[in-house]
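Enquirer: Structure file start_39.txt (compact mmCIF, C-alpha atoms) is given on the next line.
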# COMPACT_ATOMS: atom_id res chain seq x y z
CA MET R 1 -67.67 146.38 5.29
CA PHE R 2 -67.31 146.78 1.53
CA GLY R 3 -63.52 147.00 1.60
CA LYS R 4 -61.07 145.15 -0.55
CA PRO R 5 -62.12 141.49 -1.08
CA LYS R 6 -60.11 139.14 1.08
CA GLN R 7 -57.48 137.18 -0.84
CA TYR R 8 -57.33 133.45 -0.17
CA PRO R 9 -54.48 131.17 -1.19
CA ASP R 10 -54.93 128.86 -4.16
CA ASN R 11 -54.73 125.28 -2.87
CA SER R 12 -55.15 123.58 -6.23
CA GLY R 13 -51.42 122.73 -6.41
CA ILE R 14 -51.64 120.93 -3.06
CA PHE R 15 -54.64 118.90 -4.20
CA ALA R 16 -52.96 118.05 -7.50
CA ARG R 17 -49.86 116.78 -5.64
CA LYS R 18 -52.07 114.70 -3.34
CA ALA R 19 -53.80 113.17 -6.37
CA ASP R 20 -50.38 112.41 -7.88
CA GLY R 21 -49.41 110.68 -4.63
CA ARG R 22 -52.57 108.54 -4.73
CA ARG R 23 -51.84 107.52 -8.33
CA GLU R 24 -48.24 106.73 -7.41
CA ARG R 25 -49.32 104.52 -4.50
CA ALA R 26 -51.89 102.87 -6.80
CA SER R 27 -49.01 101.70 -9.00
CA MET R 28 -47.31 99.75 -6.17
CA THR R 29 -47.38 95.95 -6.49
CA PHE R 30 -50.15 94.01 -4.76
CA ALA R 31 -47.56 92.56 -2.35
CA GLU R 32 -46.37 96.04 -1.41
CA LYS R 33 -49.92 97.19 -0.93
CA ILE R 34 -50.94 94.33 1.35
CA ALA R 35 -47.80 94.94 3.41
CA ALA R 36 -48.89 98.60 3.65
CA MET R 37 -52.33 97.45 4.82
CA ASP R 38 -50.71 95.39 7.59
CA GLU R 39 -48.81 98.50 8.67
CA LEU R 40 -51.91 100.70 8.57
CA ARG R 41 -53.80 98.18 10.63
CA ALA R 42 -51.01 97.94 13.22
CA ARG R 43 -50.94 101.73 13.44
CA VAL R 44 -54.64 102.04 14.24
CA ALA R 45 -54.77 98.94 16.49
CA PRO R 46 -54.41 100.95 19.75
CA LEU R 47 -57.32 103.17 18.68
CA VAL R 48 -59.47 100.15 17.83
CA ARG R 49 -58.64 98.54 21.20
CA ALA R 50 -59.50 101.77 23.03
CA ARG R 51 -62.81 102.01 21.16
CA GLU R 52 -63.67 98.40 22.02
CA ALA R 53 -62.79 98.95 25.67
CA ARG R 54 -64.95 102.09 25.76
CA LYS R 55 -67.87 100.21 24.18
CA GLN R 56 -67.43 97.44 26.72
CA SER R 57 -67.44 99.83 29.68
CA GLU R 58 -70.51 101.61 28.29
CA LEU R 59 -72.29 98.26 28.03
CA ILE R 60 -71.36 97.38 31.59
CA SER R 61 -72.58 100.71 32.92
CA VAL R 62 -75.88 100.42 30.98
CA SER R 63 -76.50 96.86 32.20
CA SER R 64 -75.65 97.78 35.83
CA ARG R 65 -78.19 100.65 35.67
CA SER R 66 -80.97 98.45 34.29
CA MET E 1 -49.29 87.39 11.03
CA THR E 2 -49.80 89.17 7.79
CA LEU E 3 -52.46 89.55 5.16
CA ARG E 4 -50.16 87.70 2.79
CA ARG E 5 -50.27 84.66 5.10
CA THR E 6 -54.06 84.97 5.35
CA ILE E 7 -54.32 84.92 1.56
CA GLU E 8 -52.01 81.91 1.49
CA VAL E 9 -54.39 80.02 3.79
CA VAL E 10 -57.30 80.85 1.45
CA THR E 11 -55.33 79.50 -1.51
CA LYS E 12 -54.67 76.32 0.52
CA LEU E 13 -58.43 75.89 1.02
CA ALA E 14 -58.82 76.09 -2.76
CA GLU E 15 -55.97 73.62 -3.35
CA MET E 16 -57.61 71.23 -0.90
CA ARG E 17 -60.88 71.77 -2.83
CA VAL E 18 -62.65 72.86 0.35
CA ILE E 19 -63.72 75.86 -1.70
CA GLY E 20 -64.22 75.70 -5.47
CA GLY E 21 -64.17 78.92 -7.39
CA TYR E 22 -63.03 81.80 -5.22
CA ALA E 23 -61.75 85.33 -5.59
CA ILE E 24 -60.56 88.11 -3.33
CA ALA E 25 -63.36 90.69 -3.29
CA ARG E 26 -64.28 94.17 -2.05
CA ALA E 27 -61.65 96.28 -0.22
CA VAL E 28 -58.66 93.96 -0.61
CA ALA E 29 -59.54 93.34 -4.28
CA ALA E 30 -59.82 97.11 -4.74
CA ILE E 31 -56.29 97.67 -3.51
CA ASN E 32 -54.97 95.57 -6.37
CA TYR E 33 -55.96 98.58 -8.48
CA ILE E 34 -56.01 101.67 -6.25
CA GLN E 35 -53.93 102.99 -3.38
CA PRO E 36 -53.85 100.92 -0.16
CA MET E 37 -56.47 101.78 2.46
CA LEU E 38 -57.55 100.57 5.83
CA THR E 39 -59.95 97.66 6.03
CA GLU E 40 -61.02 95.39 8.84
CA ASP E 41 -61.34 92.11 6.99
CA LEU E 42 -60.63 90.04 3.92
CA ASP E 43 -63.70 89.22 1.83
CA ILE E 44 -63.60 86.09 -0.30
CA LEU E 45 -66.29 85.51 -2.88
CA ILE E 46 -66.93 81.78 -3.23
CA SER E 47 -68.84 79.55 -5.56
CA ILE E 48 -71.87 77.89 -3.99
CA ASP E 49 -71.19 74.59 -5.76
CA GLY E 50 -70.50 71.77 -3.38
CA PHE E 51 -71.95 73.42 -0.28
CA GLU E 52 -74.98 72.04 1.43
CA LYS E 53 -78.00 74.31 1.65
CA HIS E 54 -80.10 74.67 4.79
CA PRO E 55 -83.88 74.54 4.14
CA SER E 56 -83.96 78.25 5.03
CA GLY E 57 -81.77 78.92 2.00
CA LEU E 58 -78.63 79.62 4.03
CA LEU E 59 -75.47 78.00 2.78
CA LEU E 60 -73.71 75.79 5.29
CA LEU E 61 -70.04 76.66 5.40
CA GLY E 62 -69.20 73.82 7.77
CA PRO E 63 -66.51 72.32 5.48
CA ILE E 64 -64.61 75.62 5.52
CA GLU E 65 -64.93 75.87 9.27
CA LYS E 66 -63.68 72.32 9.71
CA ALA E 67 -60.72 72.76 7.34
CA LEU E 68 -59.72 75.98 9.08
CA ALA E 69 -60.02 74.29 12.47
CA ASP E 70 -57.76 71.47 11.20
CA MET E 71 -55.20 74.13 10.29
CA GLY E 72 -55.47 75.58 13.78
CA TYR E 73 -57.79 78.50 13.07
CA THR E 74 -60.69 78.09 15.43
CA GLU E 75 -61.43 81.64 16.46
CA ARG E 76 -64.34 83.59 15.00
CA THR E 77 -65.14 87.27 15.20
CA ASN E 78 -68.30 89.12 14.28
CA VAL E 79 -66.78 89.74 10.85
CA GLY E 80 -65.55 86.25 10.08
CA TYR E 81 -63.06 83.50 10.78
CA LEU E 82 -59.83 84.78 12.29
CA VAL E 83 -56.95 83.64 10.09
CA GLU E 84 -53.48 84.93 10.91
CA ASP E 85 -55.08 87.75 12.86
CA TRP E 86 -57.20 88.89 9.88
CA PRO E 87 -60.95 88.23 9.92
CA VAL E 88 -61.94 86.41 6.72
CA GLN E 89 -65.49 86.60 5.45
CA PHE E 90 -66.54 83.96 2.91
CA LEU E 91 -69.30 85.41 0.74
CA PRO E 92 -71.23 82.89 -1.33
CA VAL E 93 -72.18 84.07 -4.83
CA ALA E 94 -75.52 85.84 -4.39
CA SER E 95 -76.33 87.40 -7.77
CA ALA E 96 -75.66 87.16 -11.49
CA LEU E 97 -73.12 89.96 -11.03
CA ASP E 98 -71.25 87.92 -8.39
CA GLU E 99 -71.35 84.90 -10.66
CA GLU E 100 -69.87 86.78 -13.61
CA ALA E 101 -67.30 88.46 -11.36
CA LEU E 102 -66.15 85.10 -10.03
CA GLU E 103 -65.98 83.53 -13.50
CA GLN E 104 -63.88 86.37 -14.88
CA ALA E 105 -61.60 86.82 -11.85
CA ILE E 106 -57.91 87.16 -12.64
CA GLU E 107 -54.83 85.60 -11.12
CA ILE E 108 -52.49 87.90 -9.20
CA ASP E 109 -49.23 87.37 -7.36
CA ALA E 110 -49.35 88.26 -3.67
CA ALA E 111 -45.69 87.40 -3.03
CA GLY E 112 -43.24 90.09 -2.12
CA GLU E 113 -39.75 90.45 -3.54
CA GLY E 114 -37.65 87.35 -2.90
CA GLU E 115 -40.64 85.33 -1.67
CA ALA E 116 -42.00 82.19 -3.29
CA PRO E 117 -44.77 83.02 -5.78
CA LEU E 118 -48.23 83.14 -4.27
CA LYS E 119 -50.91 83.08 -6.93
CA ALA E 120 -54.39 84.09 -5.83
CA ARG E 121 -57.57 84.93 -7.67
CA CYS E 122 -58.91 88.46 -7.50
CA LEU E 123 -61.94 90.22 -8.97
CA ARG E 124 -61.39 92.42 -12.01
CA ALA E 125 -61.54 96.18 -11.48
CA GLU E 126 -64.86 96.64 -13.29
CA HIS E 127 -66.51 94.04 -11.09
CA VAL E 128 -65.10 95.57 -7.90
CA VAL E 129 -66.58 98.91 -9.02
CA ALA E 130 -69.94 97.40 -10.06
CA VAL E 131 -70.31 95.53 -6.74
CA ALA E 132 -69.40 98.69 -4.77
CA LEU E 133 -71.96 100.65 -6.76
CA LYS E 134 -74.60 98.00 -6.11
CA ILE E 135 -73.94 97.98 -2.35
CA GLY E 136 -74.00 101.76 -2.44
CA ARG E 137 -72.89 102.75 1.08
CA LEU E 138 -70.89 105.96 1.30
CA LYS E 139 -67.64 104.07 1.72
CA ASP E 140 -68.42 101.96 -1.35
CA LEU E 141 -69.15 105.04 -3.44
CA ALA E 142 -65.92 106.62 -2.21
CA ARG E 143 -64.16 103.52 -3.52
CA VAL E 144 -65.83 103.94 -6.92
CA GLN E 145 -64.61 107.53 -6.97
CA ALA E 146 -61.06 106.41 -6.11
CA PHE E 147 -61.08 104.04 -9.10
CA LEU E 148 -62.06 106.93 -11.38
CA GLU E 149 -59.60 109.41 -9.88
CA GLN E 150 -56.75 106.95 -10.12
CA SER E 151 -57.74 105.84 -13.64
CA ALA E 152 -57.87 102.29 -12.31
CA VAL E 153 -60.81 100.90 -14.26
CA ASP E 154 -61.36 100.26 -17.95
CA LEU E 155 -64.41 102.42 -18.70
CA ILE E 156 -65.52 100.37 -21.72
CA ARG E 157 -65.56 97.14 -19.74
CA LEU E 158 -67.22 98.91 -16.81
CA LYS E 159 -70.00 100.27 -19.01
CA HIS E 160 -70.78 96.81 -20.35
CA VAL E 161 -70.86 95.27 -16.86
CA LEU E 162 -73.18 98.02 -15.61
CA GLU E 163 -75.50 97.54 -18.58
CA ARG E 164 -75.58 93.75 -18.23
CA HIS E 165 -76.49 94.00 -14.55
CA ASN E 166 -78.96 96.89 -14.66
CA LEU E 167 -76.71 99.27 -12.76
CA THR E 168 -76.83 102.15 -15.23
CA ARG E 169 -79.30 104.09 -13.11
CA ALA E 170 -77.22 103.57 -9.95
CA TRP E 171 -74.21 104.83 -11.95
CA LYS E 172 -76.04 108.02 -13.01
CA GLU E 173 -77.08 108.61 -9.38
CA PHE E 174 -73.47 108.11 -8.28
CA CYS E 175 -72.26 110.71 -10.83
CA LEU E 176 -74.83 113.18 -9.50
CA LYS E 177 -73.82 112.57 -5.88
CA ALA E 178 -70.12 112.79 -6.72
CA VAL E 179 -70.78 115.94 -8.79
CA ILE E 180 -68.85 114.60 -11.78
CA ALA E 181 -69.62 114.53 -15.47
CA ASP E 182 -70.56 110.99 -16.46
CA PRO E 183 -67.29 109.52 -17.80
CA LEU E 184 -69.22 106.75 -19.56
CA ILE E 185 -71.05 109.12 -21.89
CA GLY E 186 -69.87 108.61 -25.45
CA ILE E 187 -68.35 105.21 -24.70
CA GLU E 188 -69.65 102.37 -26.84
Show how you would write the structure in this file as structure tokens.

Expert:
Amino acid sequence: MFGKPKQYPDNSGIFARKADGRRERASMTFAEKIAAMDELRARVAPLVRAREARKQSELISVSSRS
Amino acid sequence: MTLRRTIEVVTKLAEMRVIGGYAIARAVAAINYIQPMLTEDLDILISIDGFEKHPSGLLLLGPIEKALADMGYTERTNVGYLVEDWPVQFLPVASALDEEALEQAIEIDAAGEGEAPLKARCLRAEHVVAVALKIGRLKDLARVQAFLEQSAVDLIRLKHVLERHNLTRAWKEFCLKAVIADPLIGIE
């Protein structure tokens, strides 16, 4: 119970690299960034559609119960 | 159907004088300064000059709706007019902060390499941060934090904007929530 303290890895290097990546992406041109936003949006579009469809079916089931 | 095309349509509305002063605001304005992120719409801050006011105080954006319809954009979503598949929300100036932000907006180029130049107006970083701080939802505060982390805002200019618009207290509260030392301390 009072044995050797558990050693955990130091993740600070990972977080520092992630912060560097964010700064690097921040230095892209506006045109590059808006193109990236189009891509991001296209990537999540199936998830958004699925969420909308789920909402719709929930609405239908609620209204058919009432 | 790209955000670039959507911005182009907004610039056309300005050229046609359907809208007067305008500037890209909120999330899309933020990405001029910080890393790209996901957003559902394009917010455009517009001057209220030239728009008719309903007795209730609401601004009637009929001229925008008509001009967009003439260009073939007739669809609306719950977050705005659908232009090139992007919902566009026109936000009339609603405070002294908005007014200053619009006046001091900068011109940016939204054209990619090899494309014809596309000049559009965009809010300055300090105004994007001040507006986000004023709105104060978690996602807005996260945006403020991103500006700080990515050294994307001039702290001197930000301090003056916050002071002019009584946002110093909101700033202190943000620093407490974000568990950061106030980076504006010592800045004159």

Enquirer: Give one line per residue of chain R that approaches chain E to at most 12 Å, naming the two atoms of the closest pair and their distance in Å to one decimal, counting all atoms listed in the file; sort by chain then ascending residue number and deliver it as JSON lines.

Expert:
{"residue": "R:Ala16", "atom": "CA", "partner": "E:Glu149", "partner_atom": "CA", "distance": 11.2}
{"residue": "R:Lys18", "atom": "CA", "partner": "E:Glu149", "partner_atom": "CA", "distance": 11.3}
{"residue": "R:Ala19", "atom": "CA", "partner": "E:Glu149", "partner_atom": "CA", "distance": 7.8}
{"residue": "R:Asp20", "atom": "CA", "partner": "E:Gln150", "partner_atom": "CA", "distance": 8.7}
{"residue": "R:Gly21", "atom": "CA", "partner": "E:Gln35", "partner_atom": "CA", "distance": 9.0}
{"residue": "R:Arg22", "atom": "CA", "partner": "E:Gln35", "partner_atom": "CA", "distance": 5.9}
{"residue": "R:Arg23", "atom": "CA", "partner": "E:Gln150", "partner_atom": "CA", "distance": 5.3}
{"residue": "R:Glu24", "atom": "CA", "partner": "E:Gln35", "partner_atom": "CA", "distance": 7.9}
{"residue": "R:Arg25", "atom": "CA", "partner": "E:Gln35", "partner_atom": "CA", "distance": 5.0}
{"residue": "R:Ala26", "atom": "CA", "partner": "E:Gln35", "partner_atom": "CA", "distance": 4.0}
{"residue": "R:Ser27", "atom": "CA", "partner": "E:Ile34", "partner_atom": "CA", "distance": 7.5}
{"residue": "R:Met28", "atom": "CA", "partner": "E:Gln35", "partner_atom": "CA", "distance": 7.9}
{"residue": "R:Thr29", "atom": "CA", "partner": "E:Asn32", "partner_atom": "CA", "distance": 7.6}
{"residue": "R:Phe30", "atom": "CA", "partner": "E:Asn32", "partner_atom": "CA", "distance": 5.3}
{"residue": "R:Ala31", "atom": "CA", "partner": "E:Ala110", "partner_atom": "CA", "distance": 4.8}
{"residue": "R:Glu32", "atom": "CA", "partner": "E:Gly112", "partner_atom": "CA", "distance": 6.8}
{"residue": "R:Lys33", "atom": "CA", "partner": "E:Pro36", "partner_atom": "CA", "distance": 5.5}
{"residue": "R:Ile34", "atom": "CA", "partner": "E:Leu3", "partner_atom": "CA", "distance": 6.3}
{"residue": "R:Ala35", "atom": "CA", "partner": "E:Leu3", "partner_atom": "CA", "distance": 7.3}
{"residue": "R:Ala36", "atom": "CA", "partner": "E:Pro36", "partner_atom": "CA", "distance": 6.7}
{"residue": "R:Met37", "atom": "CA", "partner": "E:Leu38", "partner_atom": "CA", "distance": 6.2}
{"residue": "R:Asp38", "atom": "CA", "partner": "E:Thr2", "partner_atom": "CA", "distance": 6.3}
{"residue": "R:Glu39", "atom": "CA", "partner": "E:Leu38", "partner_atom": "CA", "distance": 9.4}
{"residue": "R:Leu40", "atom": "CA", "partner": "E:Leu38", "partner_atom": "CA", "distance": 6.3}
{"residue": "R:Arg41", "atom": "CA", "partner": "E:Leu38", "partner_atom": "CA", "distance": 6.5}
{"residue": "R:Ala42", "atom": "CA", "partner": "E:Leu38", "partner_atom": "CA", "distance": 10.2}
{"residue": "R:Arg43", "atom": "CA", "partner": "E:Leu38", "partner_atom": "CA", "distance": 10.1}
{"residue": "R:Val44", "atom": "CA", "partner": "E:Leu38", "partner_atom": "CA", "distance": 9.0}
{"residue": "R:Ala45", "atom": "CA", "partner": "E:Glu40", "partner_atom": "CA", "distance": 10.5}
{"residue": "R:Val48", "atom": "CA", "partner": "E:Glu40", "partner_atom": "CA", "distance": 10.3}

Enquirer: Have a look at E:Lys66, E:Tyr73, E:Ser56, E:Ala120 and name the one nearest to Gly21 of chain E; count only C-alpha atoms.

Expert: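 For Gly21 of chain E, the nearest of the given residues is E:Ala120.
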
Enquirer: Excluding same-chain residues fewer than 3 positions from Glu173 of chain E, what lies within 12 Å of it counting all atoms listed in the file, as a compact mmCIF listing (two decimals) with C-alpha atoms, in the coordinates of the input?

Expert:
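Printed below is around00.txt as written:
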# COMPACT_ATOMS: atom_id res chain seq x y z
CA LEU E 133 -71.96 100.65 -6.76
CA LYS E 134 -74.60 98.00 -6.11
CA GLY E 136 -74.00 101.76 -2.44
CA LEU E 141 -69.15 105.04 -3.44
CA LEU E 167 -76.71 99.27 -12.76
CA THR E 168 -76.83 102.15 -15.23
CA ARG E 169 -79.30 104.09 -13.11
CA ALA E 170 -77.22 103.57 -9.95
CA LEU E 176 -74.83 113.18 -9.50
CA LYS E 177 -73.82 112.57 -5.88
CA ALA E 178 -70.12 112.79 -6.72
CA VAL E 179 -70.78 115.94 -8.79
CA ILE E 180 -68.85 114.60 -11.78
CA ALA E 181 -69.62 114.53 -15.47
CA ASP E 182 -70.56 110.99 -16.46

Enquirer: Calculate how many Å separate atom CA of Leu91 of chain E from atom CA of Lys53 of chain E, rounding to one decimal.

Expert: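 Atom CA of Lys53 of chain E lies at a distance of 14.1 Å from atom CA of Leu91 of chain E.
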
Enquirer: Expressed in Å to a single decimal, how great is the separation between atom CA of Ile24 of chain E and atom CA of Glu99 of chain E?

Expert: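 These atoms are spaced 13.4 Å apart.
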
Enquirer: Let me make sure I understand: among E:Leu13, E:Ile187, E:Leu45, E:Ala23, which one has the smallest atom-to-atom distance to Gln89 of chain E if we use all atoms listed in the file?

Expert: E:Leu45

Enquirer: Place N, CA and C atoms on segment 9-38 of chain R and deliver the coordinates as a JSON list (two decimals), keeping the file's coordinate frame.

Expert:
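For reference, selection_20.json as written:
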[["chain", "number", "residue", "atom", "x", "y", "z"],
["R", 9, "PRO", "N", -55.49, 131.88, -0.38],
["R", 9, "PRO", "CA", -54.48, 131.17, -1.19],
["R", 9, "PRO", "C", -55.13, 130.16, -2.14],
["R", 10, "ASP", "N", -54.45, 129.85, -3.20],
["R", 10, "ASP", "CA", -54.93, 128.86, -4.16],
["R", 10, "ASP", "C", -54.34, 127.50, -3.76],
["R", 11, "ASN", "N", -55.21, 126.59, -3.35],
["R", 11, "ASN", "CA", -54.73, 125.28, -2.87],
["R", 11, "ASN", "C", -54.71, 124.21, -3.96],
["R", 12, "SER", "N", -55.01, 124.61, -5.18],
["R", 12, "SER", "CA", -55.15, 123.58, -6.23],
["R", 12, "SER", "C", -53.86, 122.79, -6.43],
["R", 13, "GLY", "N", -52.71, 123.44, -6.25],
["R", 13, "GLY", "CA", -51.42, 122.73, -6.41],
["R", 13, "GLY", "C", -51.28, 121.62, -5.37],
["R", 14, "ILE", "N", -51.72, 121.93, -4.14],
["R", 14, "ILE", "CA", -51.64, 120.93, -3.06],
["R", 14, "ILE", "C", -52.51, 119.72, -3.42],
["R", 15, "PHE", "N", -53.74, 120.00, -3.87],
["R", 15, "PHE", "CA", -54.64, 118.90, -4.20],
["R", 15, "PHE", "C", -54.12, 118.08, -5.39],
["R", 16, "ALA", "N", -53.51, 118.76, -6.33],
["R", 16, "ALA", "CA", -52.96, 118.05, -7.50],
["R", 16, "ALA", "C", -51.82, 117.13, -7.06],
["R", 17, "ARG", "N", -50.97, 117.63, -6.13],
["R", 17, "ARG", "CA", -49.86, 116.78, -5.64],
["R", 17, "ARG", "C", -50.41, 115.57, -4.87],
["R", 18, "LYS", "N", -51.47, 115.82, -4.08],
["R", 18, "LYS", "CA", -52.07, 114.70, -3.34],
["R", 18, "LYS", "C", -52.62, 113.65, -4.31],
["R", 19, "ALA", "N", -53.26, 114.11, -5.37],
["R", 19, "ALA", "CA", -53.80, 113.17, -6.37],
["R", 19, "ALA", "C", -52.67, 112.39, -7.04],
["R", 20, "ASP", "N", -51.54, 113.10, -7.30],
["R", 20, "ASP", "CA", -50.38, 112.41, -7.88],
["R", 20, "ASP", "C", -49.89, 111.31, -6.93],
["R", 21, "GLY", "N", -49.86, 111.64, -5.64],
["R", 21, "GLY", "CA", -49.41, 110.68, -4.63],
["R", 21, "GLY", "C", -50.30, 109.45, -4.61],
["R", 22, "ARG", "N", -51.63, 109.68, -4.73],
["R", 22, "ARG", "CA", -52.57, 108.54, -4.73],
["R", 22, "ARG", "C", -52.32, 107.66, -5.95],
["R", 23, "ARG", "N", -52.09, 108.30, -7.10],
["R", 23, "ARG", "CA", -51.84, 107.52, -8.33],
["R", 23, "ARG", "C", -50.53, 106.74, -8.21],
["R", 24, "GLU", "N", -49.54, 107.39, -7.59],
["R", 24, "GLU", "CA", -48.24, 106.73, -7.41],
["R", 24, "GLU", "C", -48.39, 105.49, -6.52],
["R", 25, "ARG", "N", -49.13, 105.66, -5.41],
["R", 25, "ARG", "CA", -49.32, 104.52, -4.50],
["R", 25, "ARG", "C", -50.16, 103.43, -5.17],
["R", 26, "ALA", "N", -51.06, 103.85, -6.08],
["R", 26, "ALA", "CA", -51.89, 102.87, -6.80],
["R", 26, "ALA", "C", -51.02, 101.98, -7.69],
["R", 27, "SER", "N", -49.85, 102.50, -8.09],
["R", 27, "SER", "CA", -49.01, 101.70, -9.00],
["R", 27, "SER", "C", -48.06, 100.75, -8.26],
["R", 28, "MET", "N", -48.13, 100.72, -6.93],
["R", 28, "MET", "CA", -47.31, 99.75, -6.17],
["R", 28, "MET", "C", -47.79, 98.33, -6.51],
["R", 29, "THR", "N", -46.94, 97.33, -6.23],
["R", 29, "THR", "CA", -47.38, 95.95, -6.49],
["R", 29, "THR", "C", -48.40, 95.54, -5.42],
["R", 30, "PHE", "N", -49.16, 94.49, -5.72],
["R", 30, "PHE", "CA", -50.15, 94.01, -4.76],
["R", 30, "PHE", "C", -49.46, 93.63, -3.44],
["R", 31, "ALA", "N", -48.30, 92.98, -3.56],
["R", 31, "ALA", "CA", -47.56, 92.56, -2.35],
["R", 31, "ALA", "C", -47.18, 93.77, -1.49],
["R", 32, "GLU", "N", -46.73, 94.82, -2.16],
["R", 32, "GLU", "CA", -46.37, 96.04, -1.41],
["R", 32, "GLU", "C", -47.60, 96.64, -0.75],
["R", 33, "LYS", "N", -48.70, 96.59, -1.47],
["R", 33, "LYS", "CA", -49.92, 97.19, -0.93],
["R", 33, "LYS", "C", -50.46, 96.41, 0.27],
["R", 34, "ILE", "N", -50.41, 95.07, 0.20],
["R", 34, "ILE", "CA", -50.94, 94.33, 1.35],
["R", 34, "ILE", "C", -50.01, 94.48, 2.56],
["R", 35, "ALA", "N", -48.72, 94.67, 2.30],
["R", 35, "ALA", "CA", -47.80, 94.94, 3.41],
["R", 35, "ALA", "C", -48.15, 96.31, 4.02],
["R", 36, "ALA", "N", -48.50, 97.27, 3.16],
["R", 36, "ALA", "CA", -48.89, 98.60, 3.65],
["R", 36, "ALA", "C", -50.17, 98.51, 4.48],
["R", 37, "MET", "N", -51.08, 97.61, 4.07],
["R", 37, "MET", "CA", -52.33, 97.45, 4.82],
["R", 37, "MET", "C", -52.06, 96.87, 6.21],
["R", 38, "ASP", "N", -51.09, 95.93, 6.27],
["R", 38, "ASP", "CA", -50.71, 95.39, 7.59],
["R", 38, "ASP", "C", -50.20, 96.52, 8.48]]
